[in-house]
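*Asks:* Right, I'll just put the structure down here and ask away after.
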Amino acid sequence: MLKKVFMAPDPGRIRLRFATRAVFGIGAAVVACGLAGHSLTGAITGGLAALLALFTVTDATVRGQAVTTALLPAVGLPVLAAATVLQDHPVARDAAFLAVVGLGVYARRWGPRGHALGVFAFMTYFAAQFLHPRTGQLAELSASVLLSVAIAAAVRFGLWCYERRLPPAAVPAPPGGTGLARVTTRQAVQATAGAGFALLVGQLVSGERWYWAVGATWWVFVNTTSRGETLVRGFRRVLGTVIGAGLALFVAVPAHGDATLTALVVAAAVFGIFYTAAVSYTWMMLWVTVLAAMLYGLLGVLTPSLLALRMAETGVGALGAVLAVVFLLPVSTHSVTDAWIQRALRCVHACTAQTAARLAGDPDADPAPTVVELEQLLARVRLSVAPLVHPLNPMLGRKRRARQVLALLDDCAREIRGLVAVAADPEASHDARLAAACWRVEAAVEALTTGRDIEPRTPPATTEPAALAHLHTLERTLAELSTPLRTPPGSPLVGA
């Protein structure tokens with residue numbers, strides 16, 4: 001696990017920049033709240049707002065990110081007001097919480113912006129349960145949110161906008177459909193039902209910290225689509241929380257709210273959350289648990305029994321998510337994974353076509369954005385296939401086939417990157433054989449996505465240009481993919 005996190009590739013040190021900028025931006029927001037005379041509750045609220053502004057906004061362009069960031073307070077402040085006003089009305093408070101859960105998940109149908117706004121709304125309501133603000137504090141907390149989002153935006157788009165030097169990150173949109181055929185609609189129903197279970201059982205476990213269970217259910221659903229993905233994420237959330245609680249016993253409890261030590265550990269936890277989020281959900285949850293423990297220490301209520309209660313409530317929340325995805329409008333892993341694989345294969349063809357056009361001298365051809373999109377799609381394929389390659393999966397045949405598909409898709413991506421690198425060389429020129437090779441790649445992609453046979457072809461043994469060599473290897477890899485992708489229906493490649 002350590003090797004997966006700390007030895008994982010970090011091209012351009014993007015994860016390192018992401019995490020370092022987060023520590024700087026969130027720290028600046030908290031300091032600004034302190035200088036403005038805000039209370040500890042206000043500073044914590046502002047820090048959370050800055051964290052979410054830097055973490056959840058993932059639009060493809062810097063302009064889109066700026067618009068989404070500006071919209072966060074418009075969604076969060078009304079939710080904060082409702083949560084504060086309803087504190088002393090349990091039935092209305094709980095009903096409003098479930099409504100925020102359902103609407104927050106449903107908003108994902110509008111892509112990254114809907115996802116970010118939904119998360120911000122949920123976490124604002126969640127924070128109100130955590131901090132128990134009174135109506136007289138609303139003005140201060142609203143000011144903390146506005147100030148902190150503004151500070152985070154200034155850091156992200158002014159002082160440290162490394163995204164401007166990168167090609168737009170094409171975040172894959174969720175699968176489409178209408179009504180209950182739309183995955184986001186099904187997930188909204190599932191998340192609401194799972195959160196309802198978590199809320200009721202969580203209150204039986206603890207009448208004061210029940211909201212932890214609802215939070216666990218919510219975050220299990222974030223960035224998942226199918227039943228299998230949700231089950232794996234639930235397991236990883238519980239595991240990360242247990243390990244994080246154990247670490248907090250040795251770090252957070254001895255701190256006893258010491259301001260300097262708490263600031264250092266909180267900074268380390270924030271860095272850990274942002275640095276590990278892309279490679280390990282378990283590690284991210286470990287750091288989230290440590291961060292929460294340190295904040296409870298600042299509030300003077302942290303004890304070992306509180307950490308044990310957090311683990312119990314997390315288990316309740318994960319169970320609620322599992323029951324919802326298994327028994328209520330389940331979305332099979334097979335259908336979701338097949339859709340992501342097909343999109344990845346079509347992106348392979350788009351990358352090839354753009355590169356070939358670039359080599360042919362077309363000044364408008366730019367394969368870089370499609371390469372970024374391919375990486376994003378492959379990340380989604382890996383997430384979707386995760387249930388099959390999980391160590392606890394007993395279906396060894398499906399596990400082997402899933403790993404074979406992932407390996408071959410990675411080979412495709414490697415050949416695409418090599419092809420694009422060749423095209424970036426100003427000395428590279430067009431070869432007449434490139435057109436034929438690109439056409440064969442297109443035919444192979446069409447065959448894989450429509451179920452037709454691929455004609456295997458052996459490239460000539462003679463020395464050939466680098467671009468053509470990449471295309472021939474890509475063509476051969478696509479042909480090899482046909483076997484694991486065309487498994488008989490009775491034994492699907494990916495199914496859950």
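Chains: A, B, ... in order of the structure tokens. Residues: from 1 per chain. Ligands: from 1, in order shown.
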Just asking: which residues within region 115-169 of chain A are alpha helix (DSSP H) according to DSSP, as a PyMOL selection string?

*Replies:* chain A and resi 115-131+138-154

*Asks:* For the residues selected in the previous step, produce a file with N, CA and C atoms as an mmCIF file, in the first residue's frame.

*Replies:*
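For reference, part_25.cif as written:
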```
data_model
loop_
_atom_site.group_PDB
_atom_site.id
_atom_site.type_symbol
_atom_site.label_atom_id
_atom_site.label_comp_id
_atom_site.auth_asym_id
_atom_site.auth_seq_id
_atom_site.Cartn_x
_atom_site.Cartn_y
_atom_site.Cartn_z
ATOM 1 N N HIS A 115 -21.420 18.210 -9.906
ATOM 2 C CA HIS A 115 -20.793 17.408 -8.861
ATOM 3 C C HIS A 115 -20.207 18.302 -7.772
ATOM 4 N N ALA A 116 -19.454 19.337 -8.158
ATOM 5 C CA ALA A 116 -18.821 20.224 -7.187
ATOM 6 C C ALA A 116 -19.858 20.949 -6.337
ATOM 7 N N LEU A 117 -20.908 21.459 -6.963
ATOM 8 C CA LEU A 117 -21.939 22.185 -6.222
ATOM 9 C C LEU A 117 -22.691 21.248 -5.280
ATOM 10 N N GLY A 118 -22.923 20.008 -5.717
ATOM 11 C CA GLY A 118 -23.595 19.042 -4.862
ATOM 12 C C GLY A 118 -22.777 18.695 -3.631
ATOM 13 N N VAL A 119 -21.471 18.486 -3.825
ATOM 14 C CA VAL A 119 -20.589 18.183 -2.701
ATOM 15 C C VAL A 119 -20.528 19.362 -1.742
ATOM 16 N N PHE A 120 -20.425 20.578 -2.281
ATOM 17 C CA PHE A 120 -20.330 21.761 -1.422
ATOM 18 C C PHE A 120 -21.600 21.925 -0.595
ATOM 19 N N ALA A 121 -22.756 21.694 -1.213
ATOM 20 C CA ALA A 121 -24.018 21.815 -0.480
ATOM 21 C C ALA A 121 -24.091 20.782 0.640
ATOM 22 N N PHE A 122 -23.736 19.531 0.317
ATOM 23 C CA PHE A 122 -23.812 18.487 1.340
ATOM 24 C C PHE A 122 -22.872 18.790 2.501
ATOM 25 N N MET A 123 -21.619 19.121 2.186
ATOM 26 C CA MET A 123 -20.636 19.329 3.238
ATOM 27 C C MET A 123 -20.956 20.566 4.082
ATOM 28 N N THR A 124 -21.622 21.552 3.502
ATOM 29 C CA THR A 124 -22.037 22.715 4.285
ATOM 30 C C THR A 124 -23.086 22.307 5.310
ATOM 31 N N TYR A 125 -24.047 21.478 4.879
ATOM 32 C CA TYR A 125 -25.071 20.998 5.814
ATOM 33 C C TYR A 125 -24.429 20.108 6.873
ATOM 34 N N PHE A 126 -23.508 19.249 6.439
ATOM 35 C CA PHE A 126 -22.814 18.346 7.345
ATOM 36 C C PHE A 126 -22.034 19.139 8.399
ATOM 37 N N ALA A 127 -21.333 20.185 7.971
ATOM 38 C CA ALA A 127 -20.538 20.994 8.892
ATOM 39 C C ALA A 127 -21.414 21.645 9.955
ATOM 40 N N ALA A 128 -22.640 22.004 9.585
ATOM 41 C CA ALA A 128 -23.547 22.614 10.563
ATOM 42 C C ALA A 128 -23.908 21.616 11.662
ATOM 43 N N GLN A 129 -24.023 20.329 11.309
ATOM 44 C CA GLN A 129 -24.300 19.310 12.331
ATOM 45 C C GLN A 129 -23.079 19.125 13.235
ATOM 46 N N PHE A 130 -21.918 19.282 12.653
ATOM 47 C CA PHE A 130 -20.653 19.111 13.375
ATOM 48 C C PHE A 130 -20.396 20.274 14.333
ATOM 49 N N LEU A 131 -20.672 21.498 13.885
ATOM 50 C CA LEU A 131 -20.327 22.686 14.649
ATOM 51 C C LEU A 131 -21.469 23.248 15.492
ATOM 52 N N LEU A 138 -24.871 33.223 12.035
ATOM 53 C CA LEU A 138 -25.004 33.059 10.584
ATOM 54 C C LEU A 138 -24.224 34.113 9.807
ATOM 55 N N ALA A 139 -24.296 35.362 10.242
ATOM 56 C CA ALA A 139 -23.607 36.424 9.514
ATOM 57 C C ALA A 139 -22.097 36.177 9.515
ATOM 58 N N GLU A 140 -21.549 35.783 10.665
ATOM 59 C CA GLU A 140 -20.122 35.533 10.754
ATOM 60 C C GLU A 140 -19.719 34.334 9.901
ATOM 61 N N LEU A 141 -20.485 33.243 9.978
ATOM 62 C CA LEU A 141 -20.140 32.047 9.208
ATOM 63 C C LEU A 141 -20.264 32.294 7.709
ATOM 64 N N SER A 142 -21.264 33.072 7.313
ATOM 65 C CA SER A 142 -21.408 33.403 5.889
ATOM 66 C C SER A 142 -20.208 34.225 5.416
ATOM 67 N N ALA A 143 -19.779 35.154 6.261
ATOM 68 C CA ALA A 143 -18.604 35.951 5.911
ATOM 69 C C ALA A 143 -17.361 35.067 5.817
ATOM 70 N N SER A 144 -17.263 34.074 6.695
ATOM 71 C CA SER A 144 -16.121 33.156 6.658
ATOM 72 C C SER A 144 -16.097 32.374 5.357
ATOM 73 N N VAL A 145 -17.269 31.906 4.918
ATOM 74 C CA VAL A 145 -17.359 31.157 3.658
ATOM 75 C C VAL A 145 -16.954 32.037 2.485
ATOM 76 N N LEU A 146 -17.517 33.243 2.428
ATOM 77 C CA LEU A 146 -17.210 34.139 1.311
ATOM 78 C C LEU A 146 -15.732 34.513 1.285
ATOM 79 N N LEU A 147 -15.182 34.844 2.445
ATOM 80 C CA LEU A 147 -13.778 35.234 2.523
ATOM 81 C C LEU A 147 -12.865 34.075 2.134
ATOM 82 N N SER A 148 -13.165 32.883 2.631
ATOM 83 C CA SER A 148 -12.295 31.733 2.380
ATOM 84 C C SER A 148 -12.355 31.266 0.934
ATOM 85 N N VAL A 149 -13.533 31.277 0.337
ATOM 86 C CA VAL A 149 -13.640 30.919 -1.079
ATOM 87 C C VAL A 149 -12.889 31.929 -1.931
ATOM 88 N N ALA A 150 -12.978 33.204 -1.543
ATOM 89 C CA ALA A 150 -12.251 34.243 -2.287
ATOM 90 C C ALA A 150 -10.743 34.052 -2.161
ATOM 91 N N ILE A 151 -10.265 33.709 -0.961
ATOM 92 C CA ILE A 151 -8.825 33.472 -0.766
ATOM 93 C C ILE A 151 -8.386 32.260 -1.579
ATOM 94 N N ALA A 152 -9.178 31.184 -1.508
ATOM 95 C CA ALA A 152 -8.843 29.976 -2.275
ATOM 96 C C ALA A 152 -8.804 30.265 -3.766
ATOM 97 N N ALA A 153 -9.754 31.081 -4.239
ATOM 98 C CA ALA A 153 -9.789 31.435 -5.655
ATOM 99 C C ALA A 153 -8.573 32.272 -6.038
ATOM 100 N N ALA A 154 -8.178 33.192 -5.158
ATOM 101 C CA ALA A 154 -7.014 34.031 -5.452
ATOM 102 C C ALA A 154 -5.750 33.182 -5.563
#
```

*Asks:* Smallest atom-to-atom distance to Leu434 (chain A): which of A:Ala357, A:Leu306, A:Ile416, A:Ala368, using only C-alpha atoms?

*Replies:* A:Ala357

*Asks:* For Ala191 (chain A), find every residue with an atom within 9 Å (counting only C-alpha atoms), except residues of its own chain fewer than 3 positions away, and show them as an mmCIF file with N, CA and C atoms, in the first residue's frame.

*Replies:*
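Dumped everything to part-v7.cif:
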```
data_model
loop_
_atom_site.group_PDB
_atom_site.id
_atom_site.type_symbol
_atom_site.label_atom_id
_atom_site.label_comp_id
_atom_site.auth_asym_id
_atom_site.auth_seq_id
_atom_site.Cartn_x
_atom_site.Cartn_y
_atom_site.Cartn_z
ATOM 1 N N LEU A 98 -31.736 14.758 4.108
ATOM 2 C CA LEU A 98 -31.932 13.744 3.068
ATOM 3 C C LEU A 98 -32.213 14.392 1.714
ATOM 4 N N VAL A 101 -28.951 15.422 0.299
ATOM 5 C CA VAL A 101 -28.250 14.239 -0.212
ATOM 6 C C VAL A 101 -28.761 13.881 -1.603
ATOM 7 N N GLY A 102 -30.079 13.744 -1.748
ATOM 8 C CA GLY A 102 -30.651 13.348 -3.036
ATOM 9 C C GLY A 102 -30.373 14.349 -4.136
ATOM 10 N N VAL A 105 -26.581 14.409 -5.195
ATOM 11 C CA VAL A 105 -26.183 13.322 -6.091
ATOM 12 C C VAL A 105 -26.823 13.506 -7.467
ATOM 13 N N ARG A 186 -30.593 7.029 -10.652
ATOM 14 C CA ARG A 186 -30.601 5.847 -9.788
ATOM 15 C C ARG A 186 -29.750 6.075 -8.540
ATOM 16 N N GLN A 187 -28.596 6.685 -8.726
ATOM 17 C CA GLN A 187 -27.729 6.929 -7.582
ATOM 18 C C GLN A 187 -28.353 7.912 -6.594
ATOM 19 N N ALA A 188 -29.095 8.881 -7.098
ATOM 20 C CA ALA A 188 -29.759 9.820 -6.196
ATOM 21 C C ALA A 188 -30.764 9.091 -5.316
ATOM 22 N N GLY A 194 -30.000 5.054 1.247
ATOM 23 C CA GLY A 194 -28.890 4.648 2.106
ATOM 24 C C GLY A 194 -28.654 5.637 3.233
ATOM 25 N N ALA A 195 -28.769 6.931 2.923
ATOM 26 C CA ALA A 195 -28.591 7.958 3.951
ATOM 27 C C ALA A 195 -29.718 7.912 4.974
ATOM 28 N N GLY A 196 -30.928 7.578 4.522
ATOM 29 C CA GLY A 196 -32.045 7.430 5.462
ATOM 30 C C GLY A 196 -31.791 6.309 6.455
ATOM 31 N N THR A 217 -22.119 7.396 4.205
ATOM 32 C CA THR A 217 -22.928 6.952 3.064
ATOM 33 C C THR A 217 -22.708 7.862 1.864
ATOM 34 N N TRP A 218 -22.744 9.166 2.099
ATOM 35 C CA TRP A 218 -22.571 10.125 1.009
ATOM 36 C C TRP A 218 -21.250 9.911 0.280
ATOM 37 N N PHE A 221 -20.687 7.107 -2.150
ATOM 38 C CA PHE A 221 -21.290 7.278 -3.474
ATOM 39 C C PHE A 221 -20.505 8.232 -4.377
ATOM 40 N N GLY A 320 -25.292 1.181 5.009
ATOM 41 C CA GLY A 320 -26.437 1.795 4.337
ATOM 42 C C GLY A 320 -26.216 1.903 2.847
ATOM 43 N N ALA A 321 -25.002 2.304 2.442
ATOM 44 C CA ALA A 321 -24.692 2.409 1.012
ATOM 45 C C ALA A 321 -24.729 1.039 0.353
ATOM 46 N N ALA A 324 -28.277 -0.195 -0.144
ATOM 47 C CA ALA A 324 -28.975 0.570 -1.180
ATOM 48 C C ALA A 324 -28.564 0.122 -2.581
ATOM 49 N N VAL A 325 -27.265 -0.069 -2.812
ATOM 50 C CA VAL A 325 -26.821 -0.401 -4.175
ATOM 51 C C VAL A 325 -27.100 -1.853 -4.530
#
```

*Asks:* Choose the residue, out of A:Val371, A:Ala267, A:Ala379, A:Val201, that has the smallest atom-to-atom separation from Ala312 (chain A); count only C-alpha atoms.

*Replies:*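 That would be A:Val201, the residue with the smallest distance to Ala312 (chain A).
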
*Asks:* I'd like the neighbourhood of Val331 (chain A) as a VMD selection string, where a residue qualifies if any of its atoms comes within 10 Å (using only C-alpha atoms), though same-chain residues fewer than 4 positions away should be ignored.

*Replies:* chain A and resid 181 to 183 186 to 187 225 to 229 325 to 326 335 to 336 496

*Asks:* Take the selection from the previous step and output its residues with C-alpha atoms, as a tab-separated table (two decimals), in the first residue's frame.

*Replies:*
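And here's again-v3.tsv as it stands now:
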```
chain	number	residue	atom	x	y	z
A	181	ALA	CA	-32.20	4.54	-16.91
A	182	ARG	CA	-29.91	7.45	-16.08
A	183	VAL	CA	-27.22	6.36	-13.63
A	186	ARG	CA	-30.60	5.85	-9.79
A	187	GLN	CA	-27.73	6.93	-7.58
A	225	THR	CA	-21.20	4.53	-10.73
A	226	SER	CA	-21.86	0.81	-10.41
A	227	ARG	CA	-22.74	-1.58	-7.62
A	228	GLY	CA	-19.27	-3.10	-7.57
A	229	GLU	CA	-17.51	0.27	-7.38
A	325	VAL	CA	-26.82	-0.40	-4.17
A	326	VAL	CA	-27.49	-4.14	-3.81
A	335	SER	CA	-22.72	-2.40	-18.22
A	336	VAL	CA	-20.81	0.54	-16.76
A	496	ALA	CA	-21.26	-7.82	-10.43
```

*Asks:* Rounded to one decimal, what separation in Å do you get between CA of Leu329 (chain A) and CA of Val279 (chain A)?

*Replies:*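 Between CA of Leu329 (chain A) and CA of Val279 (chain A) the gap works out to 28.9 Å.
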
*Asks:* Quick one: everything within 10 Å of Ala22 (chain A), counting only C-alpha atoms, minus sequence neighbours fewer than 2 positions away in the same chain. Send it as a PDB file with N, CA and C atoms, in the first residue's frame.

*Replies:*
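Written out: around04.pdb:
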```
ATOM      1  N   LEU A  16       1.807  16.617  -6.380  1.00  0.00           N
ATOM      2  CA  LEU A  16       2.590  17.370  -5.399  1.00  0.00           C
ATOM      3  C   LEU A  16       2.183  18.838  -5.403  1.00  0.00           C
ATOM      4  N   ARG A  17       2.016  19.414  -6.588  1.00  0.00           N
ATOM      5  CA  ARG A  17       1.583  20.815  -6.679  1.00  0.00           C
ATOM      6  C   ARG A  17       0.174  20.981  -6.110  1.00  0.00           C
ATOM      7  N   PHE A  18      -0.700  20.042  -6.441  1.00  0.00           N
ATOM      8  CA  PHE A  18      -2.091  20.060  -5.976  1.00  0.00           C
ATOM      9  C   PHE A  18      -2.135  20.093  -4.451  1.00  0.00           C
ATOM     10  N   ALA A  19      -1.354  19.215  -3.815  1.00  0.00           N
ATOM     11  CA  ALA A  19      -1.373  19.120  -2.359  1.00  0.00           C
ATOM     12  C   ALA A  19      -0.715  20.330  -1.706  1.00  0.00           C
ATOM     13  N   THR A  20       0.412  20.769  -2.266  1.00  0.00           N
ATOM     14  CA  THR A  20       1.119  21.916  -1.675  1.00  0.00           C
ATOM     15  C   THR A  20       0.280  23.181  -1.786  1.00  0.00           C
ATOM     16  N   PHE A  24      -1.294  25.671   1.293  1.00  0.00           N
ATOM     17  CA  PHE A  24      -1.101  27.119   1.271  1.00  0.00           C
ATOM     18  C   PHE A  24      -2.438  27.852   1.224  1.00  0.00           C
ATOM     19  N   GLY A  25      -3.340  27.425   0.332  1.00  0.00           N
ATOM     20  CA  GLY A  25      -4.617  28.109   0.169  1.00  0.00           C
ATOM     21  C   GLY A  25      -5.507  27.993   1.390  1.00  0.00           C
ATOM     22  N   ILE A  26      -5.592  26.804   1.970  1.00  0.00           N
ATOM     23  CA  ILE A  26      -6.438  26.609   3.146  1.00  0.00           C
ATOM     24  C   ILE A  26      -5.838  27.337   4.351  1.00  0.00           C
ATOM     25  N   GLY A  27      -4.510  27.251   4.487  1.00  0.00           N
ATOM     26  CA  GLY A  27      -3.868  27.976   5.583  1.00  0.00           C
ATOM     27  C   GLY A  27      -4.100  29.472   5.481  1.00  0.00           C
ATOM     28  N   ALA A  28      -3.994  30.020   4.266  1.00  0.00           N
ATOM     29  CA  ALA A  28      -4.225  31.455   4.071  1.00  0.00           C
ATOM     30  C   ALA A  28      -5.661  31.831   4.415  1.00  0.00           C
ATOM     31  N   ALA A  50     -12.677  26.546   1.991  1.00  0.00           N
ATOM     32  CA  ALA A  50     -11.490  26.649   1.132  1.00  0.00           C
ATOM     33  C   ALA A  50     -11.054  25.271   0.649  1.00  0.00           C
ATOM     34  N   LEU A  51     -11.086  24.283   1.548  1.00  0.00           N
ATOM     35  CA  LEU A  51     -10.711  22.915   1.164  1.00  0.00           C
ATOM     36  C   LEU A  51     -11.598  22.410   0.025  1.00  0.00           C
ATOM     37  N   LEU A  52     -12.896  22.611   0.167  1.00  0.00           N
ATOM     38  CA  LEU A  52     -13.823  22.137  -0.865  1.00  0.00           C
ATOM     39  C   LEU A  52     -13.636  22.898  -2.178  1.00  0.00           C
ATOM     40  N   ALA A  53     -13.375  24.198  -2.087  1.00  0.00           N
ATOM     41  CA  ALA A  53     -13.168  24.996  -3.298  1.00  0.00           C
ATOM     42  C   ALA A  53     -11.941  24.514  -4.073  1.00  0.00           C
ATOM     43  N   LEU A  54     -10.925  24.070  -3.352  1.00  0.00           N
ATOM     44  CA  LEU A  54      -9.699  23.608  -4.002  1.00  0.00           C
ATOM     45  C   LEU A  54      -9.760  22.142  -4.408  1.00  0.00           C
ATOM     46  N   PHE A  55     -10.624  21.372  -3.763  1.00  0.00           N
ATOM     47  CA  PHE A  55     -10.646  19.924  -3.971  1.00  0.00           C
ATOM     48  C   PHE A  55     -11.702  19.474  -4.984  1.00  0.00           C
ATOM     49  N   ALA A 152      -9.178  31.184  -1.508  1.00  0.00           N
ATOM     50  CA  ALA A 152      -8.843  29.976  -2.275  1.00  0.00           C
ATOM     51  C   ALA A 152      -8.804  30.265  -3.766  1.00  0.00           C
ATOM     52  N   VAL A 155      -5.629  32.179  -4.699  1.00  0.00           N
ATOM     53  CA  VAL A 155      -4.473  31.292  -4.763  1.00  0.00           C
ATOM     54  C   VAL A 155      -4.529  30.433  -6.017  1.00  0.00           C
ATOM     55  N   ARG A 156      -5.707  29.880  -6.284  1.00  0.00           N
ATOM     56  CA  ARG A 156      -5.834  28.935  -7.398  1.00  0.00           C
ATOM     57  C   ARG A 156      -5.713  29.598  -8.757  1.00  0.00           C
ATOM     58  N   ALA A 267      -1.951  20.575   8.814  1.00  0.00           N
ATOM     59  CA  ALA A 267      -1.304  20.853   7.526  1.00  0.00           C
ATOM     60  C   ALA A 267      -0.854  19.551   6.872  1.00  0.00           C
ATOM     61  N   VAL A 270      -4.005  17.723   5.581  1.00  0.00           N
ATOM     62  CA  VAL A 270      -4.523  18.329   4.351  1.00  0.00           C
ATOM     63  C   VAL A 270      -3.653  17.931   3.163  1.00  0.00           C
ATOM     64  N   PHE A 271      -2.341  18.009   3.343  1.00  0.00           N
ATOM     65  CA  PHE A 271      -1.437  17.585   2.276  1.00  0.00           C
ATOM     66  C   PHE A 271      -1.704  16.126   1.915  1.00  0.00           C
ATOM     67  N   ILE A 273      -4.444  14.346   2.270  1.00  0.00           N
ATOM     68  CA  ILE A 273      -5.734  14.194   1.583  1.00  0.00           C
ATOM     69  C   ILE A 273      -5.581  14.498   0.098  1.00  0.00           C
ATOM     70  N   PHE A 274      -4.982  15.615  -0.214  1.00  0.00           N
ATOM     71  CA  PHE A 274      -4.871  16.042  -1.604  1.00  0.00           C
ATOM     72  C   PHE A 274      -3.856  15.200  -2.380  1.00  0.00           C
ATOM     73  N   TYR A 275      -2.780  14.789  -1.726  1.00  0.00           N
ATOM     74  CA  TYR A 275      -1.732  14.050  -2.424  1.00  0.00           C
ATOM     75  C   TYR A 275      -2.153  12.612  -2.724  1.00  0.00           C
TER      76      TYR A 275
END
```

*Asks:* Which is closer to Gly76 (chain A) than all the others in A:Leu48, A:Leu374, A:Ala423, A:Ala444, using only C-alpha atoms?

*Replies:* A:Leu48

*Asks:* How many Å separate CA of Thr84 (chain A) from CA of Thr135 (chain A)?

*Replies:* 6.1 Å

*Asks:* With only C-alpha atoms as the atoms that count, which of A:Leu291, A:Leu299, A:Leu471, A:Ala344 lies nearest to Arg380 (chain A)?

*Replies:*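 Counting only C-alpha atoms, the residue closest to Arg380 (chain A) is A:Ala344.
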
*Asks:* Show me, as a list in words, the residues that have an atom within 12 Å of Pro90 (chain A) when counting only C-alpha atoms, minus same-chain residues fewer than 3 positions from it.

*Replies:*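 My reading of the contact set: Ala83, Thr84, Val85, Leu86, Gln87, Arg93, Asp94, Ala95, Ala96, Phe97, Gln129, Leu199, Leu200, Gln203, Gly207, Glu208 and Trp210 of chain A.
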
*Asks:* Those selected residues, please, written with N, CA and C atoms and delivered as a PDB file, in the first residue's frame.

*Replies:*
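Result went into result.pdb, see below:
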```pdb
ATOM      1  N   ALA A  83     -29.674  24.724   7.548  1.00  0.00           N
ATOM      2  CA  ALA A  83     -29.177  23.792   8.559  1.00  0.00           C
ATOM      3  C   ALA A  83     -29.119  24.444   9.935  1.00  0.00           C
ATOM      4  N   THR A  84     -28.763  25.709   9.979  1.00  0.00           N
ATOM      5  CA  THR A  84     -28.673  26.414  11.264  1.00  0.00           C
ATOM      6  C   THR A  84     -30.046  26.641  11.867  1.00  0.00           C
ATOM      7  N   VAL A  85     -30.980  27.086  11.050  1.00  0.00           N
ATOM      8  CA  VAL A  85     -32.336  27.376  11.532  1.00  0.00           C
ATOM      9  C   VAL A  85     -33.035  26.108  12.012  1.00  0.00           C
ATOM     10  N   LEU A  86     -32.753  24.977  11.364  1.00  0.00           N
ATOM     11  CA  LEU A  86     -33.456  23.730  11.685  1.00  0.00           C
ATOM     12  C   LEU A  86     -32.782  22.917  12.782  1.00  0.00           C
ATOM     13  N   GLN A  87     -31.732  23.432  13.405  1.00  0.00           N
ATOM     14  CA  GLN A  87     -31.004  22.683  14.432  1.00  0.00           C
ATOM     15  C   GLN A  87     -31.913  22.139  15.523  1.00  0.00           C
ATOM     16  N   ARG A  93     -35.046  18.938  10.282  1.00  0.00           N
ATOM     17  CA  ARG A  93     -33.596  18.899  10.037  1.00  0.00           C
ATOM     18  C   ARG A  93     -33.206  17.642   9.263  1.00  0.00           C
ATOM     19  N   ASP A  94     -33.731  16.499   9.692  1.00  0.00           N
ATOM     20  CA  ASP A  94     -33.374  15.230   9.047  1.00  0.00           C
ATOM     21  C   ASP A  94     -33.939  15.152   7.634  1.00  0.00           C
ATOM     22  N   ALA A  95     -35.181  15.628   7.460  1.00  0.00           N
ATOM     23  CA  ALA A  95     -35.790  15.608   6.126  1.00  0.00           C
ATOM     24  C   ALA A  95     -35.004  16.508   5.166  1.00  0.00           C
ATOM     25  N   ALA A  96     -34.599  17.672   5.652  1.00  0.00           N
ATOM     26  CA  ALA A  96     -33.819  18.582   4.805  1.00  0.00           C
ATOM     27  C   ALA A  96     -32.465  17.963   4.457  1.00  0.00           C
ATOM     28  N   PHE A  97     -31.848  17.257   5.403  1.00  0.00           N
ATOM     29  CA  PHE A  97     -30.555  16.621   5.159  1.00  0.00           C
ATOM     30  C   PHE A  97     -30.682  15.584   4.041  1.00  0.00           C
ATOM     31  N   GLN A 129     -24.023  20.329  11.309  1.00  0.00           N
ATOM     32  CA  GLN A 129     -24.300  19.310  12.331  1.00  0.00           C
ATOM     33  C   GLN A 129     -23.079  19.125  13.235  1.00  0.00           C
ATOM     34  N   LEU A 199     -29.054   7.478   8.793  1.00  0.00           N
ATOM     35  CA  LEU A 199     -29.545   8.481   9.737  1.00  0.00           C
ATOM     36  C   LEU A 199     -30.292   7.817  10.896  1.00  0.00           C
ATOM     37  N   LEU A 200     -31.181   6.881  10.570  1.00  0.00           N
ATOM     38  CA  LEU A 200     -31.977   6.233  11.617  1.00  0.00           C
ATOM     39  C   LEU A 200     -31.116   5.360  12.524  1.00  0.00           C
ATOM     40  N   GLN A 203     -28.564   7.378  14.601  1.00  0.00           N
ATOM     41  CA  GLN A 203     -29.120   8.030  15.779  1.00  0.00           C
ATOM     42  C   GLN A 203     -29.334   7.049  16.918  1.00  0.00           C
ATOM     43  N   GLY A 207     -27.037   9.712  19.578  1.00  0.00           N
ATOM     44  CA  GLY A 207     -27.947  10.815  19.301  1.00  0.00           C
ATOM     45  C   GLY A 207     -27.237  12.115  19.017  1.00  0.00           C
ATOM     46  N   GLU A 208     -25.916  12.153  19.253  1.00  0.00           N
ATOM     47  CA  GLU A 208     -25.158  13.389  19.068  1.00  0.00           C
ATOM     48  C   GLU A 208     -24.288  13.365  17.813  1.00  0.00           C
ATOM     49  N   TRP A 210     -24.637  11.177  15.063  1.00  0.00           N
ATOM     50  CA  TRP A 210     -25.291  10.372  14.027  1.00  0.00           C
ATOM     51  C   TRP A 210     -24.927  10.813  12.611  1.00  0.00           C
TER      52      TRP A 210
END
```

*Asks:* For each of A:Ala278, A:Arg414, A:Trp439, A:Glu475, take the minimum atom-to-atom distance to Asp10 (chain A), counting only C-alpha atoms, then give the residue where this is smallest.

*Replies:*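 The answer is A:Ala278, which sits nearest to Asp10 (chain A).
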
*Asks:* Kindly indicate which residue among A:Val441, A:Ala365, A:Val222, A:Leu377 lies nearest to Tyr281 (chain A), using only C-alpha atoms for the distances.

*Replies:*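 Smallest distance to Tyr281 (chain A) is found for A:Val222.
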
*Asks:* Could you check how far CA of Val316 (chain A) sits from CA of Trp212 (chain A), in Å to one decimal?

*Replies:*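 Here the two named atoms are 9.0 Å from each other.
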